[in-house]
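The file start_1.cif contains mmCIF, C-alpha atoms:
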data_final
#
loop_
_atom_site.group_PDB
_atom_site.id
_atom_site.type_symbol
_atom_site.label_atom_id
_atom_site.label_comp_id
_atom_site.auth_asym_id
_atom_site.auth_seq_id
_atom_site.Cartn_x
_atom_site.Cartn_y
_atom_site.Cartn_z
ATOM 1 C CA MET A 1 15.388 17.291 22.875
ATOM 2 C CA THR A 2 18.031 19.520 24.391
ATOM 3 C CA SER A 3 21.740 19.314 25.130
ATOM 4 C CA GLU A 4 22.519 20.383 28.693
ATOM 5 C CA ASN A 5 26.254 19.763 28.424
ATOM 6 C CA LYS A 6 28.672 18.602 25.794
ATOM 7 C CA GLN A 7 28.339 14.932 26.754
ATOM 8 C CA ALA A 8 24.595 14.507 27.417
ATOM 9 C CA ILE A 9 21.224 15.058 25.813
ATOM 10 C CA THR A 10 17.971 15.475 27.698
ATOM 11 C CA VAL A 11 14.821 13.814 26.362
ATOM 12 C CA GLY A 12 11.988 15.287 28.367
ATOM 13 C CA ASP A 13 13.040 14.823 31.983
ATOM 14 C CA VAL A 14 15.528 12.034 31.240
ATOM 15 C CA GLU A 15 19.240 12.711 30.831
ATOM 16 C CA VAL A 16 20.986 10.379 28.372
ATOM 17 C CA ILE A 17 24.765 9.976 28.347
ATOM 18 C CA ARG A 18 26.700 8.091 25.685
ATOM 19 C CA VAL A 19 29.739 6.061 26.802
ATOM 20 C CA LEU A 20 31.901 4.564 24.044
ATOM 21 C CA GLU A 21 33.779 1.324 24.469
ATOM 22 C CA TRP A 22 35.182 1.498 20.919
ATOM 23 C CA GLN A 23 34.495 3.111 17.521
ATOM 24 C CA GLY A 24 35.983 2.530 14.076
ATOM 25 C CA PRO A 25 35.886 0.471 10.846
ATOM 26 C CA PHE A 26 34.492 -2.934 11.770
ATOM 27 C CA ALA A 27 33.694 -5.187 8.818
ATOM 28 C CA PRO A 28 33.157 -5.173 5.042
ATOM 29 C CA ALA A 29 30.003 -3.165 4.436
ATOM 30 C CA ARG A 30 28.095 -5.880 2.606
ATOM 31 C CA GLY A 31 29.517 -8.525 4.898
ATOM 32 C CA LEU A 32 27.876 -6.775 7.840
ATOM 33 C CA VAL A 33 24.585 -5.984 6.073
ATOM 34 C CA ALA A 34 24.634 -9.219 4.183
ATOM 35 C CA ASP A 35 21.878 -8.706 1.613
ATOM 36 C CA SER A 36 22.412 -5.000 0.890
ATOM 37 C CA GLU A 37 23.390 -3.940 -2.613
ATOM 38 C CA ALA A 38 26.445 -1.887 -3.518
ATOM 39 C CA ARG A 39 24.122 0.640 -5.172
ATOM 40 C CA VAL A 40 22.412 1.440 -1.832
ATOM 41 C CA TRP A 41 25.728 2.364 -0.241
ATOM 42 C CA GLN A 42 26.851 4.338 -3.278
ATOM 43 C CA ASP A 43 23.580 6.247 -3.647
ATOM 44 C CA ASN A 44 23.779 7.353 -0.004
ATOM 45 C CA GLU A 45 27.525 7.966 0.206
ATOM 46 C CA HIS A 46 26.986 11.708 0.726
ATOM 47 C CA TRP A 47 25.678 11.067 4.245
ATOM 48 C CA LEU A 48 26.977 7.570 5.045
ATOM 49 C CA ALA A 49 30.626 8.629 4.707
ATOM 50 C CA PRO A 50 32.672 9.043 6.772
ATOM 51 C CA ASP A 51 30.703 8.402 9.970
ATOM 52 C CA HIS A 52 29.117 5.107 8.873
ATOM 53 C CA TRP A 53 31.085 3.961 5.841
ATOM 54 C CA GLN A 54 34.803 4.043 5.089
ATOM 55 C CA VAL A 55 34.585 4.256 1.333
ATOM 56 C CA GLN A 56 38.225 3.650 0.429
ATOM 57 C CA ASP A 57 38.195 0.079 1.739
ATOM 58 C CA ASP A 58 34.415 -0.466 1.758
ATOM 59 C CA ARG A 59 34.149 -1.057 5.495
ATOM 60 C CA ALA A 60 31.207 -0.275 7.763
ATOM 61 C CA VAL A 61 32.077 2.062 10.630
ATOM 62 C CA MET A 62 30.499 1.090 13.935
ATOM 63 C CA ALA A 63 30.545 1.836 17.643
ATOM 64 C CA LEU A 64 30.383 -0.316 20.747
ATOM 65 C CA GLN A 65 28.654 1.790 23.366
ATOM 66 C CA THR A 66 26.482 1.974 26.442
ATOM 67 C CA TRP A 67 23.652 4.426 26.913
ATOM 68 C CA VAL A 68 23.287 5.767 30.461
ATOM 69 C CA LEU A 69 19.850 7.082 31.401
ATOM 70 C CA ARG A 70 19.142 9.120 34.514
ATOM 71 C CA SER A 71 15.417 8.709 34.976
ATOM 72 C CA GLY A 72 13.200 9.196 38.004
ATOM 73 C CA GLY A 73 16.129 9.145 40.415
ATOM 74 C CA GLN A 74 17.540 5.930 38.931
ATOM 75 C CA THR A 75 20.655 5.312 36.854
ATOM 76 C CA VAL A 76 19.933 2.861 34.037
ATOM 77 C CA LEU A 77 22.520 1.337 31.689
ATOM 78 C CA VAL A 78 21.393 0.096 28.269
ATOM 79 C CA ASP A 79 23.726 -2.717 27.148
ATOM 80 C CA THR A 80 27.210 -3.265 28.538
ATOM 81 C CA GLY A 81 29.531 -3.868 25.588
ATOM 82 C CA VAL A 82 32.208 -6.524 25.143
ATOM 83 C CA GLY A 83 33.979 -6.476 28.510
ATOM 84 C CA ASN A 84 37.637 -7.111 29.258
ATOM 85 C CA GLY A 85 39.600 -10.339 29.231
ATOM 86 C CA ARG A 86 36.976 -12.588 27.651
ATOM 87 C CA GLU A 87 37.700 -15.901 26.008
ATOM 88 C CA ARG A 88 36.110 -15.542 22.570
ATOM 89 C CA PRO A 89 38.217 -17.866 20.383
ATOM 90 C CA HIS A 90 35.683 -17.903 17.547
ATOM 91 C CA SER A 91 35.193 -14.116 17.631
ATOM 92 C CA PRO A 92 38.747 -12.834 17.150
ATOM 93 C CA GLN A 93 37.691 -9.186 17.191
ATOM 94 C CA PHE A 94 36.498 -9.658 20.813
ATOM 95 C CA HIS A 95 39.012 -12.248 22.031
ATOM 96 C CA HIS A 96 40.950 -10.924 25.073
ATOM 97 C CA TRP A 97 39.498 -7.469 24.426
ATOM 98 C CA GLN A 98 40.812 -4.635 26.629
ATOM 99 C CA THR A 99 39.513 -1.080 27.007
ATOM 100 C CA ASP A 100 39.156 1.474 29.789
ATOM 101 C CA PHE A 101 35.364 1.276 29.811
ATOM 102 C CA LEU A 102 34.942 1.603 33.571
ATOM 103 C CA GLY A 103 37.237 4.625 33.413
ATOM 104 C CA ALA A 104 34.927 6.169 30.817
ATOM 105 C CA LEU A 105 31.944 5.566 33.092
ATOM 106 C CA ALA A 106 33.843 7.195 35.944
ATOM 107 C CA ARG A 107 34.682 10.238 33.819
ATOM 108 C CA ALA A 108 30.956 10.498 33.088
ATOM 109 C CA GLY A 109 30.325 10.550 36.841
ATOM 110 C CA ILE A 110 29.039 6.981 37.159
ATOM 111 C CA ARG A 111 30.465 4.532 39.673
ATOM 112 C CA PRO A 112 29.477 0.844 39.516
ATOM 113 C CA GLN A 113 27.661 1.135 42.848
ATOM 114 C CA ASP A 114 25.572 4.022 41.476
ATOM 115 C CA VAL A 115 23.829 1.863 38.849
ATOM 116 C CA ASP A 116 20.281 0.778 39.711
ATOM 117 C CA VAL A 117 19.244 -1.039 36.530
ATOM 118 C CA VAL A 118 21.107 -2.765 33.708
ATOM 119 C CA VAL A 119 19.167 -3.476 30.516
ATOM 120 C CA ASN A 120 20.476 -6.171 28.176
ATOM 121 C CA THR A 121 18.520 -5.623 24.959
ATOM 122 C CA HIS A 122 19.644 -9.152 23.989
ATOM 123 C CA LEU A 123 22.379 -11.592 24.962
ATOM 124 C CA HIS A 124 24.973 -11.302 22.210
ATOM 125 C CA ALA A 125 28.598 -10.990 23.349
ATOM 126 C CA ASP A 126 28.904 -7.257 22.644
ATOM 127 C CA HIS A 127 25.861 -6.376 24.756
ATOM 128 C CA VAL A 128 26.542 -8.232 28.006
ATOM 129 C CA GLY A 129 30.313 -8.163 28.542
ATOM 130 C CA TRP A 130 30.490 -5.568 31.302
ATOM 131 C CA ASN A 131 27.644 -7.289 33.136
ATOM 132 C CA THR A 132 30.512 -8.871 35.039
ATOM 133 C CA ARG A 133 34.136 -8.263 35.953
ATOM 134 C CA ASP A 134 37.012 -10.525 36.879
ATOM 135 C CA ALA A 135 37.549 -10.640 40.652
ATOM 136 C CA GLU A 136 40.632 -12.782 41.286
ATOM 137 C CA GLY A 137 39.628 -15.355 38.685
ATOM 138 C CA GLU A 138 35.894 -15.297 39.383
ATOM 139 C CA TRP A 139 33.289 -13.464 37.306
ATOM 140 C CA VAL A 140 31.130 -11.272 39.548
ATOM 141 C CA PRO A 141 28.506 -8.585 38.786
ATOM 142 C CA THR A 142 30.160 -5.291 37.841
ATOM 143 C CA PHE A 143 27.218 -3.331 39.231
ATOM 144 C CA PRO A 144 26.610 -4.739 42.710
ATOM 145 C CA ARG A 145 23.301 -2.975 43.446
ATOM 146 C CA ALA A 146 21.692 -3.283 40.022
ATOM 147 C CA ARG A 147 18.755 -5.292 38.808
ATOM 148 C CA TYR A 148 19.737 -6.829 35.470
ATOM 149 C CA LEU A 149 16.739 -6.947 33.107
ATOM 150 C CA ILE A 150 17.201 -9.910 30.766
ATOM 151 C CA PRO A 151 14.708 -11.023 28.076
ATOM 152 C CA ALA A 152 13.456 -14.438 29.150
ATOM 153 C CA ALA A 153 13.394 -15.747 25.577
ATOM 154 C CA ASP A 154 17.089 -14.992 25.132
ATOM 155 C CA ASP A 155 17.964 -16.385 28.548
ATOM 156 C CA PHE A 156 16.406 -19.676 27.499
ATOM 157 C CA HIS A 157 17.847 -19.640 23.976
ATOM 158 C CA PHE A 158 21.425 -18.922 25.058
ATOM 159 C CA GLY A 159 21.252 -20.808 28.348
ATOM 160 C CA PRO A 160 22.071 -24.415 29.220
ATOM 161 C CA ASP A 161 18.488 -25.648 28.800
ATOM 162 C CA ASN A 162 18.818 -24.965 25.064
ATOM 163 C CA SER A 163 22.459 -26.088 24.947
ATOM 164 C CA HIS A 164 23.665 -22.482 24.722
ATOM 165 C CA GLY A 165 22.073 -21.297 21.487
ATOM 166 C CA ALA A 166 21.577 -24.804 20.106
ATOM 167 C CA GLY A 167 25.167 -24.756 18.909
ATOM 168 C CA ARG A 168 24.739 -21.912 16.416
ATOM 169 C CA SER A 169 27.748 -19.999 17.723
ATOM 170 C CA PRO A 170 30.673 -21.781 19.367
ATOM 171 C CA ASP A 171 31.169 -18.859 21.758
ATOM 172 C CA ASP A 172 27.569 -18.731 23.046
ATOM 173 C CA ARG A 173 28.383 -21.044 25.945
ATOM 174 C CA LEU A 174 31.341 -18.884 26.998
ATOM 175 C CA VAL A 175 29.282 -15.676 26.783
ATOM 176 C CA TYR A 176 26.538 -17.119 28.956
ATOM 177 C CA GLN A 177 28.943 -18.589 31.485
ATOM 178 C CA ASP A 178 31.033 -15.473 32.074
ATOM 179 C CA SER A 179 28.484 -12.683 31.503
ATOM 180 C CA VAL A 180 25.006 -14.033 32.317
ATOM 181 C CA ALA A 181 25.200 -17.012 34.667
ATOM 182 C CA PRO A 182 27.035 -15.004 37.386
ATOM 183 C CA ILE A 183 24.138 -12.528 37.403
ATOM 184 C CA HIS A 184 21.717 -15.363 38.125
ATOM 185 C CA GLN A 185 24.034 -16.771 40.797
ATOM 186 C CA ALA A 186 24.159 -13.382 42.519
ATOM 187 C CA GLY A 187 20.345 -13.157 42.543
ATOM 188 C CA GLN A 188 20.364 -9.976 40.450
ATOM 189 C CA ALA A 189 18.716 -11.282 37.248
ATOM 190 C CA VAL A 190 15.130 -10.267 36.430
ATOM 191 C CA LEU A 191 13.645 -12.186 33.496
ATOM 192 C CA TRP A 192 10.767 -10.575 31.636
ATOM 193 C CA HIS A 193 8.323 -11.409 28.811
ATOM 194 C CA GLY A 194 6.366 -9.166 26.438
ATOM 195 C CA THR A 195 6.742 -5.771 28.104
ATOM 196 C CA HIS A 196 8.381 -4.557 31.294
ATOM 197 C CA ARG A 197 7.831 -1.167 32.894
ATOM 198 C CA ILE A 198 10.969 0.287 34.513
ATOM 199 C CA ASP A 199 9.508 3.611 35.614
ATOM 200 C CA GLU A 200 7.079 6.260 34.421
ATOM 201 C CA HIS A 201 9.360 7.149 31.485
ATOM 202 C CA LEU A 202 10.907 3.816 30.437
ATOM 203 C CA THR A 203 9.315 0.644 29.074
ATOM 204 C CA LEU A 204 10.917 -2.458 27.594
ATOM 205 C CA GLU A 205 9.148 -4.140 24.689
ATOM 206 C CA SER A 206 9.848 -7.445 22.976
ATOM 207 C CA ALA A 207 11.185 -7.045 19.416
ATOM 208 C CA PRO A 208 12.199 -10.552 18.278
ATOM 209 C CA GLY A 209 14.054 -11.486 15.124
ATOM 210 C CA HIS A 210 17.667 -10.552 15.611
ATOM 211 C CA THR A 211 17.527 -12.990 18.516
ATOM 212 C CA PRO A 212 14.452 -14.677 20.025
ATOM 213 C CA GLY A 213 14.416 -12.201 22.924
ATOM 214 C CA SER A 214 15.646 -9.030 21.246
ATOM 215 C CA SER A 215 13.999 -5.978 22.751
ATOM 216 C CA VAL A 216 13.697 -2.223 22.476
ATOM 217 C CA LEU A 217 13.528 0.341 25.262
ATOM 218 C CA ARG A 218 11.003 3.124 24.798
ATOM 219 C CA LEU A 219 11.497 6.500 26.470
ATOM 220 C CA ALA A 220 8.566 8.910 26.690
ATOM 221 C CA SER A 221 8.881 12.045 28.811
ATOM 222 C CA GLY A 222 7.676 15.625 28.611
ATOM 223 C CA GLY A 223 6.207 15.151 25.136
ATOM 224 C CA GLU A 224 9.501 13.822 23.740
ATOM 225 C CA ARG A 225 10.285 10.265 22.710
ATOM 226 C CA ALA A 226 13.214 7.989 21.969
ATOM 227 C CA VAL A 227 13.522 4.293 21.240
ATOM 228 C CA PHE A 228 16.710 2.366 21.999
ATOM 229 C CA VAL A 229 16.634 -0.372 19.374
ATOM 230 C CA GLY A 230 19.668 -2.516 20.188
ATOM 231 C CA ASP A 231 20.675 -4.497 17.106
ATOM 232 C CA LEU A 232 17.495 -3.856 15.145
ATOM 233 C CA LEU A 233 19.857 -1.656 13.102
ATOM 234 C CA HIS A 234 23.596 -2.211 12.669
ATOM 235 C CA SER A 235 24.010 0.389 9.903
ATOM 236 C CA PRO A 236 21.899 3.344 8.715
ATOM 237 C CA VAL A 237 21.683 1.523 5.374
ATOM 238 C CA GLN A 238 18.969 -0.542 7.053
ATOM 239 C CA ILE A 239 16.856 2.583 7.475
ATOM 240 C CA VAL A 240 16.678 3.155 3.719
ATOM 241 C CA SER A 241 16.615 -0.618 3.053
ATOM 242 C CA PRO A 242 14.691 -2.092 6.004
ATOM 243 C CA SER A 243 14.430 -5.514 4.336
ATOM 244 C CA CYS A 244 18.206 -5.962 4.722
ATOM 245 C CA ASN A 245 19.376 -7.857 7.792
ATOM 246 C CA SER A 246 22.766 -7.935 9.412
ATOM 247 C CA CYS A 247 24.780 -11.118 9.191
ATOM 248 C CA PHE A 248 24.054 -11.684 12.902
ATOM 249 C CA CYS A 249 20.239 -11.916 12.684
ATOM 250 C CA LEU A 250 19.017 -15.384 13.682
ATOM 251 C CA ASP A 251 15.491 -15.128 12.220
ATOM 252 C CA ALA A 252 15.679 -13.266 8.912
ATOM 253 C CA LYS A 253 11.925 -12.887 8.284
ATOM 254 C CA GLY A 254 11.205 -12.013 11.896
ATOM 255 C CA ALA A 255 13.963 -9.404 11.995
ATOM 256 C CA VAL A 256 12.633 -7.664 8.866
ATOM 257 C CA ALA A 257 9.058 -7.608 10.190
ATOM 258 C CA THR A 258 10.154 -6.226 13.552
ATOM 259 C CA ARG A 259 12.438 -3.631 11.960
ATOM 260 C CA ARG A 260 9.631 -2.308 9.759
ATOM 261 C CA ARG A 261 7.213 -2.180 12.697
ATOM 262 C CA ILE A 262 9.581 -0.293 14.991
ATOM 263 C CA LEU A 263 10.712 2.127 12.288
ATOM 264 C CA GLN A 264 7.121 2.823 11.243
ATOM 265 C CA GLN A 265 6.192 3.731 14.806
ATOM 266 C CA ALA A 266 9.335 5.855 15.174
ATOM 267 C CA ALA A 267 8.420 7.818 12.043
ATOM 268 C CA GLU A 268 4.803 8.282 13.104
ATOM 269 C CA LYS A 269 5.600 9.342 16.679
ATOM 270 C CA ARG A 270 8.830 11.225 15.882
ATOM 271 C CA GLU A 271 10.846 9.028 18.187
ATOM 272 C CA LEU A 272 14.597 9.505 18.238
ATOM 273 C CA VAL A 273 16.013 6.155 17.057
ATOM 274 C CA VAL A 274 19.014 5.128 19.170
ATOM 275 C CA PRO A 275 20.748 1.959 17.907
ATOM 276 C CA ALA A 276 23.479 0.135 19.786
ATOM 277 C CA HIS A 277 26.147 0.460 17.115
ATOM 278 C CA PHE A 278 25.768 3.682 15.131
ATOM 279 C CA ALA A 279 28.988 5.681 15.053
ATOM 280 C CA GLY A 280 29.144 9.419 14.398
ATOM 281 C CA PRO A 281 26.132 11.195 15.932
ATOM 282 C CA GLY A 282 24.813 7.854 17.234
ATOM 283 C CA ALA A 283 21.070 8.528 16.937
ATOM 284 C CA VAL A 284 18.630 9.846 14.349
ATOM 285 C CA GLU A 285 15.052 10.894 13.698
ATOM 286 C CA ILE A 286 13.491 9.335 10.595
ATOM 287 C CA ARG A 287 10.598 9.948 8.252
ATOM 288 C CA ARG A 288 8.576 7.616 6.051
ATOM 289 C CA ASP A 289 9.686 7.554 2.409
ATOM 290 C CA ALA A 290 7.324 5.405 0.306
ATOM 291 C CA ASP A 291 7.986 1.781 1.352
ATOM 292 C CA ALA A 292 11.152 2.678 3.251
ATOM 293 C CA PHE A 293 12.458 5.404 5.528
ATOM 294 C CA THR A 294 15.072 8.109 5.432
ATOM 295 C CA PRO A 295 17.086 9.968 8.092
ATOM 296 C CA SER A 296 15.696 13.421 8.791
ATOM 297 C CA ARG A 297 17.744 14.784 11.703
ATOM 298 C CA TRP A 298 20.827 13.431 13.455
ATOM 299 C CA ALA A 299 21.278 13.941 17.188
ATOM 300 C CA PRO A 300 24.334 16.042 18.138
ATOM 301 C CA TRP A 301 25.581 13.407 20.557
ATOM 302 C CA PRO A 302 29.226 13.436 21.673
ATOM 303 C CA ALA A 303 30.446 10.647 23.932
ATOM 304 C CA TRP A 304 32.685 9.742 26.819
ATOM 305 C CA PRO A 305 35.367 7.579 25.159
ATOM 306 C CA ALA A 306 36.719 4.498 26.880
ATOM 307 C CA THR A 307 40.295 5.312 25.908
ATOM 308 C CA PRO A 308 41.715 8.771 26.678
ATOM 309 C CA HIS A 309 43.740 10.582 24.041
ATOM 310 C CA GLY A 310 47.250 9.157 23.787
ATOM 311 C CA ALA A 311 46.247 5.662 24.937
ATOM 312 C CA SER A 312 45.543 2.647 22.790
ATOM 313 C CA ALA A 313 42.681 0.200 22.647
ATOM 314 C CA THR A 314 42.255 -3.216 21.124
ATOM 315 C CA ARG A 315 40.458 -2.859 17.796
ATOM 316 C CA PRO A 316 38.469 -5.373 15.748
#

Could I get this structure in the form of structure tokens?
Amino acid sequence: MTSENKQAITVGDVEVIRVLEWQGPFAPARGLVADSEARVWQDNEHWLAPDHWQVQDDRAVMALQTWVLRSGGQTVLVDTGVGNGRERPHSPQFHHWQTDFLGALARAGIRPQDVDVVVNTHLHADHVGWNTRDAEGEWVPTFPRARYLIPAADDFHFGPDNSHGAGRSPDDRLVYQDSVAPIHQAGQAVLWHGTHRIDEHLTLESAPGHTPGSSVLRLASGGERAVFVGDLLHSPVQIVSPSCNSCFCLDAKGAVATRRRILQQAAEKRELVVPAHFAGPGAVEIRRDADAFTPSRWAPWPAWPATPHGASATRP
């Protein structure tokens, strides 16, 4: 793994760019990782703070970000954040959210028409928002040439055939209607099951638990490996305590089993683990530590921020 410039890392032959929509204190630490113990945070304060834990008010620090992969001549986006101007009345931290995300993409050298593939690791609100943009009151695909790879299990779960998440979240209907349905209407949605090969370096793999269709994206190139794990991990505390779920996991037992399986493979194969929401360095290599895991090396990964210095952004 090498750094070719201050904003990108190369994994084998694949360039990976990090584009931040937002970063900062998000939620009470043990509200986010609902079944974690105070002792776990305290015992690991020396590396959790300040990048992942704001100790003074006991809040987890998180990022909302998109990973841009340049692979085999294609530009691939992994997750698309919250998006601007969304009606999220039951998610006040995302309601009428506004950032300069497309400006950040542009500063990274990526225009909407340059994007070939969009990967939604799952269909929660903070992973699909920039799938679409507001065009004179109509939601249209932000990336007009892209294939949008959507896990079929999540498309069913959050779609109208299952009454938009079976009523678990009041905002699920709104998320699907403004960020997913327009992709289907434009003919750009590709639903997949099990595994889906994007190119010689990139493969999607089902990883259910957090949601029915949660997935990971595996990158293997030039003897180097990374795994983009979406919301398998919300905080690094879940590396040292893999039995602890976030408050957003829909299937608690399934999420724990999947987390252990993916982390075990990452430790064995020395995959760089790239979650959707880690702040600070953003990604980490891990090693097995008895029945759990521990961080071994953090990736030196700066980012293109959505808001330039001197500007403001809506914060949770």

Hits from the PyMOL selection byres ((chain A and resi 30) around 10), listed as a tab-separated table (two decimals) with C-alpha atoms, keeping the file's coordinate frame:
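Okay, expr.tsv is ready:
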chain	number	residue	atom	x	y	z
A	27	ALA	CA	33.69	-5.19	8.82
A	28	PRO	CA	33.16	-5.17	5.04
A	29	ALA	CA	30.00	-3.16	4.44
A	31	GLY	CA	29.52	-8.52	4.90
A	32	LEU	CA	27.88	-6.78	7.84
A	33	VAL	CA	24.58	-5.98	6.07
A	34	ALA	CA	24.63	-9.22	4.18
A	35	ASP	CA	21.88	-8.71	1.61
A	36	SER	CA	22.41	-5.00	0.89
A	37	GLU	CA	23.39	-3.94	-2.61
A	38	ALA	CA	26.44	-1.89	-3.52
A	41	TRP	CA	25.73	2.36	-0.24
A	58	ASP	CA	34.42	-0.47	1.76
A	59	ARG	CA	34.15	-1.06	5.50
A	60	ALA	CA	31.21	-0.28	7.76
A	246	SER	CA	22.77	-7.94	9.41
A	247	CYS	CA	24.78	-11.12	9.19

Quick one: residues within 10 Å of (36.1, 9.1, 33.3) (file frame), counting all atoms listed in the file, please, as an MDAnalysis selection string.
chainID A and resid 19 100:111 304:308

Generate a file of the selected residues that holds C-alpha atoms, formatted as a PDB file, keeping the file's coordinate frame.
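New file out_6.pdb:
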ATOM      1  CA  VAL A  19      29.739   6.061  26.802  1.00  0.00           C
ATOM      2  CA  ASP A 100      39.156   1.474  29.789  1.00  0.00           C
ATOM      3  CA  PHE A 101      35.364   1.276  29.811  1.00  0.00           C
ATOM      4  CA  LEU A 102      34.942   1.603  33.571  1.00  0.00           C
ATOM      5  CA  GLY A 103      37.237   4.625  33.413  1.00  0.00           C
ATOM      6  CA  ALA A 104      34.927   6.169  30.817  1.00  0.00           C
ATOM      7  CA  LEU A 105      31.944   5.566  33.092  1.00  0.00           C
ATOM      8  CA  ALA A 106      33.843   7.195  35.944  1.00  0.00           C
ATOM      9  CA  ARG A 107      34.682  10.238  33.819  1.00  0.00           C
ATOM     10  CA  ALA A 108      30.956  10.498  33.088  1.00  0.00           C
ATOM     11  CA  GLY A 109      30.325  10.550  36.841  1.00  0.00           C
ATOM     12  CA  ILE A 110      29.039   6.981  37.159  1.00  0.00           C
ATOM     13  CA  ARG A 111      30.465   4.532  39.673  1.00  0.00           C
ATOM     14  CA  TRP A 304      32.685   9.742  26.819  1.00  0.00           C
ATOM     15  CA  PRO A 305      35.367   7.579  25.159  1.00  0.00           C
ATOM     16  CA  ALA A 306      36.719   4.498  26.880  1.00  0.00           C
ATOM     17  CA  THR A 307      40.295   5.312  25.908  1.00  0.00           C
ATOM     18  CA  PRO A 308      41.715   8.771  26.678  1.00  0.00           C
TER      19      PRO A 308
END

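Residues matching the PyMOL selection byres ((chain A and resi 215) around 9) in this structure come to Asn120, Thr121, His122, Pro151, Leu204, Glu205, Ser206, Ala207, Pro208, Thr211, Gly213, Ser214, Val216, Leu217, Phe228, Val229, Gly230, Asp231 and Leu232 of chain A.
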
Between atom CA of A:Asp126 and atom CA of A:Thr80, what is the spacing in Å?
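Atom CA of A:Thr80 sits 7.3 Å away from atom CA of A:Asp126.
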
Distance criterion (all atoms listed in the file): nearest to A:Val78 out of A:Ile262, A:Leu202, A:Cys244, A:Leu174
A:Leu202

Can you tell me, as a PyMOL selection string, what residues are no more than 12 Å from A:Phe143 when counting only C-alpha atoms, ignoring any on the same chain fewer than 3 positions away?
chain A and resi 75-77+80+102+105+110-119+130-133+139-140+146-148+182-183+186+188-189

Store the residues picked out above in a file with C-alpha atoms, as a compact mmCIF listing (two decimals), in the frame of the given file.
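Everything below was put into out_23.txt:
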# COMPACT_ATOMS: atom_id res chain seq x y z
CA THR A 75 20.66 5.31 36.85
CA VAL A 76 19.93 2.86 34.04
CA LEU A 77 22.52 1.34 31.69
CA THR A 80 27.21 -3.26 28.54
CA LEU A 102 34.94 1.60 33.57
CA LEU A 105 31.94 5.57 33.09
CA ILE A 110 29.04 6.98 37.16
CA ARG A 111 30.46 4.53 39.67
CA PRO A 112 29.48 0.84 39.52
CA GLN A 113 27.66 1.14 42.85
CA ASP A 114 25.57 4.02 41.48
CA VAL A 115 23.83 1.86 38.85
CA ASP A 116 20.28 0.78 39.71
CA VAL A 117 19.24 -1.04 36.53
CA VAL A 118 21.11 -2.76 33.71
CA VAL A 119 19.17 -3.48 30.52
CA TRP A 130 30.49 -5.57 31.30
CA ASN A 131 27.64 -7.29 33.14
CA THR A 132 30.51 -8.87 35.04
CA ARG A 133 34.14 -8.26 35.95
CA TRP A 139 33.29 -13.46 37.31
CA VAL A 140 31.13 -11.27 39.55
CA ALA A 146 21.69 -3.28 40.02
CA ARG A 147 18.76 -5.29 38.81
CA TYR A 148 19.74 -6.83 35.47
CA PRO A 182 27.04 -15.00 37.39
CA ILE A 183 24.14 -12.53 37.40
CA ALA A 186 24.16 -13.38 42.52
CA GLN A 188 20.36 -9.98 40.45
CA ALA A 189 18.72 -11.28 37.25

As a check of understanding, name the residues that the PyMOL selection byres ((chain A and resi 86-96) around 7) selects in the supplied structure, as a ChimeraX atom specification.
/A:82-85,97-98,170-171,315-316

Rounded to one decimal in Å, what is the spacing between atom CA of A:Glu271 and atom CA of A:Ala226?
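Distance between the two atoms: 4.6 Å.
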
Pick from A:Leu250, A:Ile17, A:Arg218, A:Phe26: nearest to A:Gly165, with all atoms listed in the file counted?
A:Leu250

If I take atom CA of A:Leu48 and atom CA of A:Val274, how far is one from the other in Å, to one decimal?
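Atom CA of A:Val274 lies 16.4 Å from atom CA of A:Leu48.
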
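The smallest atom-to-atom distance between A:Gln265 and any of A:Ile286, A:Val175, A:Val180, A:Ile150, using only C-alpha atoms, is found for A:Ile286.
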
Write out as a compact mmCIF listing (two decimals) with C-alpha atoms, in the frame of the given file which residues come within 9 Å of A:Arg259 when counting all atoms listed in the file, dropping same-chain ones fewer than 3 positions away.
# COMPACT_ATOMS: atom_id res chain seq x y z
CA ALA A 207 11.18 -7.04 19.42
CA GLY A 209 14.05 -11.49 15.12
CA LEU A 232 17.50 -3.86 15.14
CA LEU A 233 19.86 -1.66 13.10
CA GLN A 238 18.97 -0.54 7.05
CA ILE A 239 16.86 2.58 7.48
CA PRO A 242 14.69 -2.09 6.00
CA SER A 243 14.43 -5.51 4.34
CA GLY A 254 11.20 -12.01 11.90
CA ALA A 255 13.96 -9.40 12.00
CA VAL A 256 12.63 -7.66 8.87
CA ILE A 262 9.58 -0.29 14.99
CA LEU A 263 10.71 2.13 12.29
CA GLN A 264 7.12 2.82 11.24

Rank nothing, just name the residue among A:Arg39, A:His234, A:Arg145, A:His127 nearest to A:His52, using only C-alpha atoms.
A:His234

Between A:Trp67, A:Leu191, A:Glu224, A:Gly24, which one has atoms that come closest to A:Ala8, using all atoms listed in the file?
A:Trp67

First collect every listed atom of stretch 112-124 of chain A; then fit an axis-aligned box around them, widen it by 5 Å on each side, and give centre and edge lengths in Å to one decimal, as lines of an AutoDock Vina configuration file.
center_x = 24.0
center_y = -3.8
center_z = 32.5
size_x = 21.0
size_y = 25.6
size_z = 30.6

Fewer than 3 positions away in the same chain doesn't count, so skip those; otherwise give me all residues within 6 Å of A:Leu64, counting all atoms listed in the file, as a list in words.
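Residues meeting the cut-off are Glu21, Trp22 and His277 of chain A.
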
Would you please work out which residue, of A:Ser71, A:His210, A:Asp79, A:Asn44, is nearest to A:Lys253 when using only C-alpha atoms?
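Between A:Ser71, A:His210, A:Asp79, A:Asn44, the residue approaching A:Lys253 most closely is A:His210.
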